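structure.cif follows; it contains mmCIF, C-alpha atoms.
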data_data
loop_
_atom_site.group_PDB
_atom_site.id
_atom_site.type_symbol
_atom_site.label_atom_id
_atom_site.label_comp_id
_atom_site.auth_asym_id
_atom_site.auth_seq_id
_atom_site.Cartn_x
_atom_site.Cartn_y
_atom_site.Cartn_z
ATOM 1 C CA MET A 1 44.723 -58.222 -22.809
ATOM 2 C CA SER A 2 42.882 -61.517 -22.894
ATOM 3 C CA ALA A 3 41.552 -62.806 -19.593
ATOM 4 C CA ALA A 4 41.704 -66.408 -20.810
ATOM 5 C CA ILE A 5 42.508 -69.156 -18.322
ATOM 6 C CA VAL A 6 44.833 -71.911 -19.509
ATOM 7 C CA LEU A 7 45.204 -75.319 -17.885
ATOM 8 C CA GLU A 8 47.744 -77.838 -19.109
ATOM 9 C CA ILE A 9 47.485 -81.406 -17.885
ATOM 10 C CA PRO A 10 49.140 -84.770 -18.561
ATOM 11 C CA SER A 11 47.106 -87.057 -20.844
ATOM 12 C CA ARG A 12 45.721 -89.127 -17.958
ATOM 13 C CA THR A 13 42.119 -89.682 -17.043
ATOM 14 C CA GLU A 14 42.792 -88.970 -13.356
ATOM 15 C CA PHE A 15 43.041 -85.279 -14.303
ATOM 16 C CA LEU A 16 39.604 -85.174 -15.973
ATOM 17 C CA SER A 17 37.882 -84.168 -12.743
ATOM 18 C CA LEU A 18 40.165 -81.130 -12.581
ATOM 19 C CA VAL A 19 39.237 -80.167 -16.164
ATOM 20 C CA ARG A 20 35.531 -80.557 -15.412
ATOM 21 C CA ALA A 21 35.721 -78.557 -12.190
ATOM 22 C CA LEU A 22 37.651 -75.702 -13.796
ATOM 23 C CA ALA A 23 35.329 -75.528 -16.819
ATOM 24 C CA LYS A 24 32.279 -75.491 -14.571
ATOM 25 C CA ARG A 25 33.834 -72.791 -12.416
ATOM 26 C CA ALA A 26 34.690 -70.689 -15.493
ATOM 27 C CA ALA A 27 31.103 -71.047 -16.753
ATOM 28 C CA LEU A 28 29.714 -69.947 -13.381
ATOM 29 C CA ARG A 29 32.102 -67.001 -13.366
ATOM 30 C CA ALA A 30 30.938 -66.113 -16.886
ATOM 31 C CA GLY A 31 27.408 -65.867 -15.508
ATOM 32 C CA PHE A 32 25.867 -69.170 -16.574
ATOM 33 C CA PRO A 33 23.400 -70.663 -14.099
ATOM 34 C CA GLU A 34 24.472 -73.682 -12.040
ATOM 35 C CA ALA A 35 22.793 -76.350 -14.197
ATOM 36 C CA GLU A 36 24.163 -74.861 -17.420
ATOM 37 C CA ALA A 37 27.641 -74.556 -15.915
ATOM 38 C CA GLU A 38 27.454 -78.215 -14.861
ATOM 39 C CA ARG A 39 26.701 -79.209 -18.468
ATOM 40 C CA VAL A 40 29.548 -77.051 -19.819
ATOM 41 C CA GLY A 41 31.861 -78.898 -17.414
ATOM 42 C CA LEU A 42 30.578 -82.185 -18.830
ATOM 43 C CA ALA A 43 31.119 -81.097 -22.455
ATOM 44 C CA VAL A 44 34.718 -80.088 -21.727
ATOM 45 C CA ASP A 45 35.299 -83.336 -19.803
ATOM 46 C CA GLU A 46 34.051 -85.272 -22.849
ATOM 47 C CA CYS A 47 36.329 -83.296 -25.159
ATOM 48 C CA ALA A 48 39.411 -83.963 -23.003
ATOM 49 C CA THR A 49 38.403 -87.633 -22.717
ATOM 50 C CA ASN A 50 38.290 -87.882 -26.520
ATOM 51 C CA VAL A 51 41.787 -86.422 -26.760
ATOM 52 C CA ILE A 52 43.181 -88.960 -24.286
ATOM 53 C CA GLU A 53 41.375 -91.918 -25.858
ATOM 54 C CA HIS A 54 41.493 -91.112 -29.574
ATOM 55 C CA ALA A 55 44.237 -88.571 -30.317
ATOM 56 C CA TYR A 56 46.711 -89.986 -27.788
ATOM 57 C CA HIS A 57 45.393 -93.575 -27.715
ATOM 58 C CA GLU A 58 45.658 -93.520 -23.914
ATOM 59 C CA ALA A 59 49.389 -92.721 -23.878
ATOM 60 C CA ARG A 60 50.002 -91.200 -20.433
ATOM 61 C CA ASP A 61 53.065 -89.111 -21.220
ATOM 62 C CA ARG A 62 51.530 -86.485 -23.523
ATOM 63 C CA ARG A 63 50.057 -83.098 -22.661
ATOM 64 C CA LEU A 64 46.826 -81.365 -23.459
ATOM 65 C CA GLU A 65 45.797 -77.801 -22.962
ATOM 66 C CA VAL A 66 42.407 -76.368 -22.055
ATOM 67 C CA ARG A 67 41.865 -72.659 -22.734
ATOM 68 C CA LEU A 68 38.787 -70.954 -21.346
ATOM 69 C CA ASP A 69 37.895 -67.465 -22.454
ATOM 70 C CA ASP A 70 34.920 -65.339 -21.461
ATOM 71 C CA THR A 71 34.560 -62.948 -24.400
ATOM 72 C CA GLY A 72 31.628 -61.129 -22.848
ATOM 73 C CA MET A 73 29.105 -62.570 -25.299
ATOM 74 C CA GLU A 74 30.101 -66.207 -24.984
ATOM 75 C CA LEU A 75 32.342 -68.690 -23.244
ATOM 76 C CA VAL A 76 34.902 -70.122 -25.660
ATOM 77 C CA VAL A 77 36.762 -73.273 -24.687
ATOM 78 C CA GLU A 78 39.579 -74.710 -26.769
ATOM 79 C CA VAL A 79 41.064 -78.116 -26.066
ATOM 80 C CA VAL A 80 44.410 -78.483 -27.798
ATOM 81 C CA ASP A 81 46.515 -81.599 -28.308
ATOM 82 C CA THR A 82 49.386 -82.718 -30.510
ATOM 83 C CA GLY A 83 48.143 -86.246 -31.078
ATOM 84 C CA ASP A 84 46.871 -87.973 -34.187
ATOM 85 C CA ALA A 85 44.539 -85.971 -36.367
ATOM 86 C CA VAL A 86 40.986 -86.950 -35.513
ATOM 87 C CA ASP A 87 38.380 -86.730 -38.237
ATOM 88 C CA PRO A 88 35.122 -85.743 -36.538
ATOM 89 C CA LEU A 89 33.208 -86.906 -39.593
ATOM 90 C CA ALA A 90 34.579 -90.392 -38.925
ATOM 91 C CA VAL A 91 32.776 -90.467 -35.584
ATOM 92 C CA PRO A 92 29.579 -92.367 -36.308
ATOM 93 C CA LYS A 93 26.319 -90.650 -35.474
ATOM 94 C CA VAL A 94 24.688 -92.092 -32.394
ATOM 95 C CA ASP A 95 21.557 -94.087 -33.077
ATOM 96 C CA LEU A 96 20.387 -95.163 -29.634
ATOM 97 C CA GLU A 97 18.107 -97.844 -31.070
ATOM 98 C CA LYS A 98 21.089 -99.626 -32.598
ATOM 99 C CA TYR A 99 23.653 -98.563 -30.037
ATOM 100 C CA ALA A 100 23.129 -101.386 -27.554
ATOM 101 C CA SER A 101 22.839 -104.122 -30.148
ATOM 102 C CA GLU A 102 26.068 -102.974 -31.802
ATOM 103 C CA ARG A 103 27.746 -103.098 -28.369
ATOM 104 C CA ARG A 104 29.288 -99.723 -28.973
ATOM 105 C CA LYS A 105 30.605 -97.557 -26.206
ATOM 106 C CA GLY A 106 32.060 -94.637 -28.142
ATOM 107 C CA GLY A 107 30.465 -91.706 -29.905
ATOM 108 C CA LEU A 108 28.289 -90.651 -26.987
ATOM 109 C CA GLY A 109 30.787 -88.007 -25.867
ATOM 110 C CA VAL A 110 30.810 -86.124 -29.174
ATOM 111 C CA HIS A 111 27.020 -86.414 -29.288
ATOM 112 C CA LEU A 112 26.764 -84.885 -25.791
ATOM 113 C CA MET A 113 29.169 -82.056 -26.660
ATOM 114 C CA GLY A 114 26.970 -81.136 -29.633
ATOM 115 C CA LYS A 115 23.806 -81.217 -27.541
ATOM 116 C CA ILE A 116 25.254 -79.041 -24.765
ATOM 117 C CA MET A 117 27.307 -76.433 -26.636
ATOM 118 C CA ASP A 118 26.118 -73.969 -29.281
ATOM 119 C CA SER A 119 28.961 -74.947 -31.560
ATOM 120 C CA VAL A 120 31.673 -77.598 -31.648
ATOM 121 C CA THR A 121 34.429 -77.155 -34.241
ATOM 122 C CA PHE A 122 37.377 -79.446 -34.897
ATOM 123 C CA LEU A 123 40.450 -77.815 -36.462
ATOM 124 C CA ARG A 124 43.916 -79.020 -37.384
ATOM 125 C CA VAL A 125 46.346 -76.146 -36.860
ATOM 126 C CA GLY A 126 49.947 -76.959 -37.689
ATOM 127 C CA GLY A 127 50.616 -80.210 -35.844
ATOM 128 C CA ALA A 128 47.854 -79.657 -33.307
ATOM 129 C CA ASN A 129 44.200 -80.578 -32.992
ATOM 130 C CA VAL A 130 42.002 -77.819 -31.677
ATOM 131 C CA CYS A 131 38.478 -78.587 -30.551
ATOM 132 C CA ARG A 132 36.611 -75.317 -30.088
ATOM 133 C CA LEU A 133 33.488 -75.333 -27.939
ATOM 134 C CA VAL A 134 31.338 -72.226 -27.750
ATOM 135 C CA LYS A 135 28.453 -71.469 -25.410
ATOM 136 C CA SER A 136 26.564 -68.251 -25.996
ATOM 137 C CA LYS A 137 25.374 -66.265 -22.994
ATOM 138 C CA HIS A 138 22.488 -64.890 -25.011
ATOM 139 C CA ALA A 139 21.088 -68.404 -25.503
ATOM 140 C CA ALA A 140 21.474 -69.095 -21.776
ATOM 141 C CA GLU A 141 19.530 -65.942 -20.915
ATOM 142 C CA GLN A 142 16.767 -66.925 -23.320
ATOM 143 C CA ASP A 143 16.644 -70.433 -21.820
ATOM 144 C CA GLY A 144 16.496 -68.946 -18.340
ATOM 145 C CA ALA A 145 13.654 -66.625 -19.296
ATOM 146 C CA ALA A 146 11.638 -69.358 -20.994
ATOM 147 C CA MET B 1 38.514 -89.429 -0.960
ATOM 148 C CA ALA B 2 37.833 -91.635 -3.946
ATOM 149 C CA GLU B 3 36.013 -89.926 -6.795
ATOM 150 C CA LEU B 4 33.645 -92.857 -7.130
ATOM 151 C CA SER B 5 32.681 -95.777 -4.961
ATOM 152 C CA VAL B 6 30.395 -98.573 -6.067
ATOM 153 C CA GLU B 7 28.708 -101.009 -3.718
ATOM 154 C CA SER B 8 26.061 -103.583 -4.356
ATOM 155 C CA ARG B 9 23.687 -105.757 -2.395
ATOM 156 C CA GLU B 10 21.180 -108.419 -3.193
ATOM 157 C CA ALA B 11 17.497 -108.242 -2.327
ATOM 158 C CA GLU B 12 16.104 -111.653 -3.246
ATOM 159 C CA GLU B 13 16.404 -111.903 -7.026
ATOM 160 C CA ILE B 14 17.302 -108.240 -7.515
ATOM 161 C CA THR B 15 20.821 -106.818 -7.449
ATOM 162 C CA LEU B 16 21.010 -103.243 -6.234
ATOM 163 C CA ILE B 17 24.040 -101.220 -7.306
ATOM 164 C CA TYR B 18 24.973 -97.979 -5.543
ATOM 165 C CA PRO B 19 27.388 -95.690 -7.393
ATOM 166 C CA ARG B 20 28.436 -92.736 -5.243
ATOM 167 C CA GLY B 21 30.425 -89.726 -6.413
ATOM 168 C CA TYR B 22 31.699 -88.729 -9.831
ATOM 169 C CA MET B 23 31.552 -91.122 -12.770
ATOM 170 C CA ASN B 24 33.808 -90.223 -15.689
ATOM 171 C CA ALA B 25 36.234 -92.003 -18.030
ATOM 172 C CA HIS B 26 38.601 -92.511 -15.101
ATOM 173 C CA THR B 27 36.134 -94.089 -12.710
ATOM 174 C CA ALA B 28 33.395 -95.696 -14.828
ATOM 175 C CA ARG B 29 35.203 -99.038 -15.004
ATOM 176 C CA LEU B 30 34.370 -99.638 -11.316
ATOM 177 C CA PHE B 31 30.692 -99.296 -12.141
ATOM 178 C CA GLU B 32 31.001 -101.381 -15.287
ATOM 179 C CA ALA B 33 32.738 -104.137 -13.303
ATOM 180 C CA GLU B 34 29.916 -104.219 -10.749
ATOM 181 C CA ILE B 35 27.267 -104.582 -13.477
ATOM 182 C CA GLN B 36 29.368 -107.249 -15.168
ATOM 183 C CA LYS B 37 29.743 -109.138 -11.883
ATOM 184 C CA ALA B 38 25.974 -109.397 -11.550
ATOM 185 C CA VAL B 39 25.614 -110.517 -15.179
ATOM 186 C CA THR B 40 28.347 -113.135 -14.779
ATOM 187 C CA GLN B 41 26.526 -114.508 -11.736
ATOM 188 C CA GLY B 42 23.374 -114.804 -13.818
ATOM 189 C CA ARG B 43 21.621 -112.035 -11.925
ATOM 190 C CA PHE B 44 19.770 -110.134 -14.616
ATOM 191 C CA ARG B 45 17.440 -107.992 -12.524
ATOM 192 C CA ILE B 46 19.449 -104.943 -11.677
ATOM 193 C CA VAL B 47 18.514 -101.672 -10.032
ATOM 194 C CA VAL B 48 21.037 -98.844 -10.145
ATOM 195 C CA SER B 49 20.189 -96.671 -7.170
ATOM 196 C CA GLY B 50 21.764 -93.336 -8.021
ATOM 197 C CA GLY B 51 20.990 -91.178 -5.006
ATOM 198 C CA GLY B 52 24.701 -90.740 -4.306
ATOM 199 C CA LEU B 53 25.684 -90.168 -7.912
ATOM 200 C CA LEU B 54 26.810 -86.563 -8.320
ATOM 201 C CA TYR B 55 27.916 -86.648 -11.946
ATOM 202 C CA ILE B 56 27.861 -88.960 -14.933
ATOM 203 C CA ALA B 57 29.818 -88.600 -18.167
ATOM 204 C CA SER B 58 29.395 -90.664 -21.322
ATOM 205 C CA ALA B 59 31.745 -93.365 -20.008
ATOM 206 C CA GLY B 60 29.148 -94.158 -17.334
ATOM 207 C CA LEU B 61 26.332 -94.153 -19.868
ATOM 208 C CA GLY B 62 28.441 -96.433 -22.068
ATOM 209 C CA ALA B 63 28.793 -98.836 -19.133
ATOM 210 C CA LEU B 64 24.992 -99.014 -18.916
ATOM 211 C CA MET B 65 24.724 -99.641 -22.650
ATOM 212 C CA GLY B 66 27.508 -102.232 -22.662
ATOM 213 C CA ALA B 67 25.547 -104.821 -20.716
ATOM 214 C CA ILE B 68 21.918 -104.052 -21.435
ATOM 215 C CA GLU B 69 21.493 -106.385 -24.375
ATOM 216 C CA ASP B 70 22.826 -109.400 -22.464
ATOM 217 C CA ILE B 71 20.603 -108.501 -19.532
ATOM 218 C CA ARG B 72 17.417 -108.162 -21.573
ATOM 219 C CA LYS B 73 18.190 -111.195 -23.719
ATOM 220 C CA ASN B 74 18.174 -113.185 -20.496
ATOM 221 C CA GLY B 75 14.768 -111.897 -19.480
ATOM 222 C CA GLY B 76 16.076 -109.267 -17.114
ATOM 223 C CA ASP B 77 16.349 -105.529 -17.090
ATOM 224 C CA LEU B 78 18.458 -102.736 -15.658
ATOM 225 C CA ARG B 79 16.390 -99.991 -14.069
ATOM 226 C CA LEU B 80 17.412 -96.772 -12.407
ATOM 227 C CA CYS B 81 16.119 -94.781 -9.477
ATOM 228 C CA GLU B 82 16.787 -91.907 -7.085
ATOM 229 C CA LEU B 83 18.644 -89.913 -9.760
ATOM 230 C CA SER B 84 19.428 -86.292 -8.964
ATOM 231 C CA GLU B 85 18.000 -83.655 -11.262
ATOM 232 C CA SER B 86 21.392 -82.969 -12.890
ATOM 233 C CA VAL B 87 22.087 -86.661 -13.587
ATOM 234 C CA ARG B 88 18.589 -87.217 -14.896
ATOM 235 C CA ASN B 89 19.069 -84.201 -17.145
ATOM 236 C CA ILE B 90 22.044 -85.899 -18.823
ATOM 237 C CA PHE B 91 19.937 -89.014 -19.431
ATOM 238 C CA GLU B 92 17.292 -86.828 -21.032
ATOM 239 C CA ILE B 93 19.760 -84.916 -23.226
ATOM 240 C CA LEU B 94 20.803 -88.218 -24.793
ATOM 241 C CA GLY B 95 17.349 -89.770 -24.859
ATOM 242 C CA PHE B 96 18.391 -92.497 -22.399
ATOM 243 C CA HIS B 97 15.135 -92.031 -20.498
ATOM 244 C CA HIS B 98 13.452 -93.731 -23.473
ATOM 245 C CA LEU B 99 15.777 -96.739 -23.210
ATOM 246 C CA TYR B 100 15.733 -97.254 -19.456
ATOM 247 C CA ARG B 101 12.938 -97.212 -16.949
ATOM 248 C CA ILE B 102 13.688 -94.621 -14.296
ATOM 249 C CA PHE B 103 11.843 -94.573 -10.969
ATOM 250 C CA PRO B 104 11.700 -91.913 -8.270
ATOM 251 C CA THR B 105 12.509 -94.284 -5.406
ATOM 252 C CA GLU B 106 14.361 -97.549 -4.853
ATOM 253 C CA LEU B 107 11.165 -99.162 -3.626
ATOM 254 C CA ASP B 108 9.350 -98.215 -6.834
ATOM 255 C CA ALA B 109 12.129 -99.774 -8.900
ATOM 256 C CA ILE B 110 12.102 -102.999 -6.861
ATOM 257 C CA LEU B 111 8.329 -103.252 -7.001
ATOM 258 C CA SER B 112 8.388 -102.760 -10.773
ATOM 259 C CA PHE B 113 10.217 -106.080 -11.093
ATOM 260 C CA ARG B 114 7.710 -107.750 -8.782
ATOM 261 C CA ALA B 115 4.919 -106.368 -10.929
ATOM 262 C CA ASP B 116 6.496 -108.101 -13.945
ATOM 263 C CA GLU B 117 5.983 -111.498 -12.346
ATOM 264 C CA PRO B 118 2.754 -113.211 -13.378
ATOM 265 C CA GLY B 119 0.452 -113.666 -10.436
ATOM 266 C CA ARG B 120 2.176 -111.041 -8.310
ATOM 267 C CA ALA B 121 1.115 -107.941 -10.185
ATOM 268 C CA SER B 122 -2.004 -107.380 -8.149
ATOM 269 C CA SER B 123 -0.683 -108.571 -4.797
#
If you convert what's in this file into structure tokens, what do you get?
Amino acid sequence: MSAAIVLEIPSRTEFLSLVRALAKRAALRAGFPEAEAERVGLAVDECATNVIEHAYHEARDRRLEVRLDDTGMELVVEVVDTGDAVDPLAVPKVDLEKYASERRKGGLGVHLMGKIMDSVTFLRVGGANVCRLVKSKHAAEQDGAA
Amino acid sequence: MAELSVESREAEEITLIYPRGYMNAHTARLFEAEIQKAVTQGRFRIVVSGGGLLYIASAGLGALMGAIEDIRKNGGDLRLCELSESVRNIFEILGFHHLYRIFPTELDAILSFRADEPGRASS
């Protein structure tokens, strides 16, 4: 039986701290060191923020689900929503040199998720968006030993 | 307890901003408003003293980016100091440490502005 943890929250930013705290806790429990677990919490926070802002356009009456699963080899986090399909390829790549002059504020979250996690995959399954974030324990061990 | 509080004070021509707590998409607007208040008042020398900042997500980094062009266009700058290791790590992941000058202490950050002034650099 899967030992996955599932958290379902309303689509409101006041619940983001709960998402971050749970993801960090799950990463610690999976054996990641404190600093790595902190970054995993940030990546999941960014993912949930994107759902609220882009899939739900800040509507406060929707729901999103965060599933955290320690498979033994890796921590797999899925953030699931039933909002508008979001095309990750439509998210412009962050060019910090131009970022300020273009007065942009978006795009940093997806960029951070990619820098922190080993893989970030966006799927459309039925009427749902699934953002799948994977952090390998093997990579963490190698980082720790370096 | 609030997740984030933001206070500011003025030290001569420099505005010091103190974010304390957790800065995410829910709370970053408080921080953004404080930066904007300084800019609106024509105070373009800003030090963000982050000793009390426990966490920063991209919304907080976006708040920094949102005002920086106006600030620099007006001859000012926004500099950071006293960042914890975990917050500084986020800046480094995104390469923000190349865009912003980051100092170990508040005094260093304040003095860096003084050093910019002709005739005061060596005093």
Need to verify the contact set: stretch 85-87 of chain B, 7 Å, all atoms listed in the file, exclusion of same-chain residues closer than 6 positions in sequence. Can you return it as a ChimeraX atom specification? /A:35 /B:55-56
Can you spit out the residues from that selection as a compact mmCIF listing (two decimals), in the coordinates of the input, using C-alpha atoms?
# COMPACT_ATOMS: atom_id res chain seq x y z
CA ALA A 35 22.79 -76.35 -14.20
CA TYR B 55 27.92 -86.65 -11.95
CA ILE B 56 27.86 -88.96 -14.93
Residue list as a PyMOL selection string for point (47.8, -87.1, -30.0), cut-off 8 Å, only C-alpha atoms: chain A and resi 51-52+54-57+62+81-85
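Minimum distance to A:Cys47 across A:Met73, A:Leu28, A:Leu7, A:Val66 (counting only C-alpha atoms) occurs at A:Val66.
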Starting from the PyMOL selection byres ((chain B and resi 77) around 12), expand the selection into actual residues of this file and give them as a PyMOL selection string. chain B and resi 13-15+35+38-39+43-48+64-65+67-76+78-80+99-102+109-110+112-113+116
Selection result of the PyMOL selection byres ((chain B) within 6 of (chain A)) on this file, as a list in words: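 That expression, the PyMOL selection byres ((chain B) within 6 of (chain A)), corresponds here to His26, Ser58, Gly62, Met65 and Gly66 of chain B.
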Grab the residues selected above and save them as a CSV table (one decimal), in the frame of the given file with C-alpha atoms.
chain,number,residue,atom,x,y,z
B,26,HIS,CA,38.6,-92.5,-15.1
B,58,SER,CA,29.4,-90.7,-21.3
B,62,GLY,CA,28.4,-96.4,-22.1
B,65,MET,CA,24.7,-99.6,-22.6
B,66,GLY,CA,27.5,-102.2,-22.7
Take the PyMOL selection byres ((chain A and resi 2) around 9), apply it to the structure above, and return the hits as a PyMOL selection string. chain A and resi 1+3-5+69-71
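Residues of protein, DNA and RNA with at least one atom no farther than 6 Å from (25.1, -103.3, -4.9) are, using all atoms listed in the file, Glu7, Ser8, Arg9, Leu16, Ile17 and Tyr18 of chain B.
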Residue neighbourhood A:Ala37, 6 Å, only C-alpha atoms, exclusion window fewer than 4 positions, as a ChimeraX atom specification: /A:24,27-28,32
Could you dump the residues just selected with C-alpha atoms as a PDB file, in the coordinates of the input?
ATOM      1  CA  LYS A  24      32.279 -75.491 -14.571  1.00  0.00           C
ATOM      2  CA  ALA A  27      31.103 -71.047 -16.753  1.00  0.00           C
ATOM      3  CA  LEU A  28      29.714 -69.947 -13.381  1.00  0.00           C
ATOM      4  CA  PHE A  32      25.867 -69.170 -16.574  1.00  0.00           C
TER       5      PHE A  32
END
What is the atom CA of B:Leu30-atom CA of B:Asn89 distance in Å, reported with one decimal?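 Distance between the two atoms: 22.5 Å.
Computed from the coordinates, the atom CA of A:Asn129 to atom CA of A:Asp61 distance equals 17.0 Å.
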Give me, as a ChimeraX atom specification, all polymer residues having an atom no more than 6 Å from B:Leu83, counting all atoms listed in the file and skipping those fewer than 3 positions away in the same chain. /B:50-51,88
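Counting from atom CA of A:Arg60, the distance to atom CA of A:Asp87 is 21.7 Å.
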Measuring atom to atom with only C-alpha atoms, identify which of B:Ala33, B:Leu54, B:Ala28, B:Cys81 is nearest to B:Asp108.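 Selected residue with least distance to B:Asp108: B:Cys81.
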Ranking A:Gly114, A:Leu18, A:Thr121, A:Gly31 by minimum distance to A:Val80 and counting all atoms listed in the file, which one comes first?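 Among the listed residues, A:Thr121 lies closest to A:Val80.
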N, CA and C atoms are what I want for stretch 49-60 of chain A; can you complete it accordingly and write them as a CSV table (one decimal), in the frame of the given file?
chain,number,residue,atom,x,y,z
A,49,THR,N,38.4,-86.2,-22.7
A,49,THR,CA,38.4,-87.6,-22.7
A,49,THR,C,38.7,-88.1,-24.1
A,50,ASN,N,38.1,-87.5,-25.1
A,50,ASN,CA,38.3,-87.9,-26.5
A,50,ASN,C,39.8,-87.7,-26.9
A,51,VAL,N,40.4,-86.6,-26.5
A,51,VAL,CA,41.8,-86.4,-26.8
A,51,VAL,C,42.6,-87.6,-26.2
A,52,ILE,N,42.4,-87.9,-24.9
A,52,ILE,CA,43.2,-89.0,-24.3
A,52,ILE,C,43.0,-90.3,-25.0
A,53,GLU,N,41.7,-90.6,-25.3
A,53,GLU,CA,41.4,-91.9,-25.9
A,53,GLU,C,41.7,-92.0,-27.4
A,54,HIS,N,41.4,-91.0,-28.1
A,54,HIS,CA,41.5,-91.1,-29.6
A,54,HIS,C,42.7,-90.4,-30.2
A,55,ALA,N,43.1,-89.2,-29.7
A,55,ALA,CA,44.2,-88.6,-30.3
A,55,ALA,C,45.5,-89.2,-29.7
A,56,TYR,N,45.5,-89.5,-28.4
A,56,TYR,CA,46.7,-90.0,-27.8
A,56,TYR,C,46.7,-91.5,-27.5
A,57,HIS,N,45.5,-92.1,-27.9
A,57,HIS,CA,45.4,-93.6,-27.7
A,57,HIS,C,45.8,-94.0,-26.3
A,58,GLU,N,45.4,-93.2,-25.3
A,58,GLU,CA,45.7,-93.5,-23.9
A,58,GLU,C,47.1,-93.5,-23.5
A,59,ALA,N,48.0,-92.9,-24.3
A,59,ALA,CA,49.4,-92.7,-23.9
A,59,ALA,C,49.3,-91.7,-22.7
A,60,ARG,N,50.1,-92.0,-21.7
A,60,ARG,CA,50.0,-91.2,-20.4
A,60,ARG,C,51.1,-90.1,-20.3
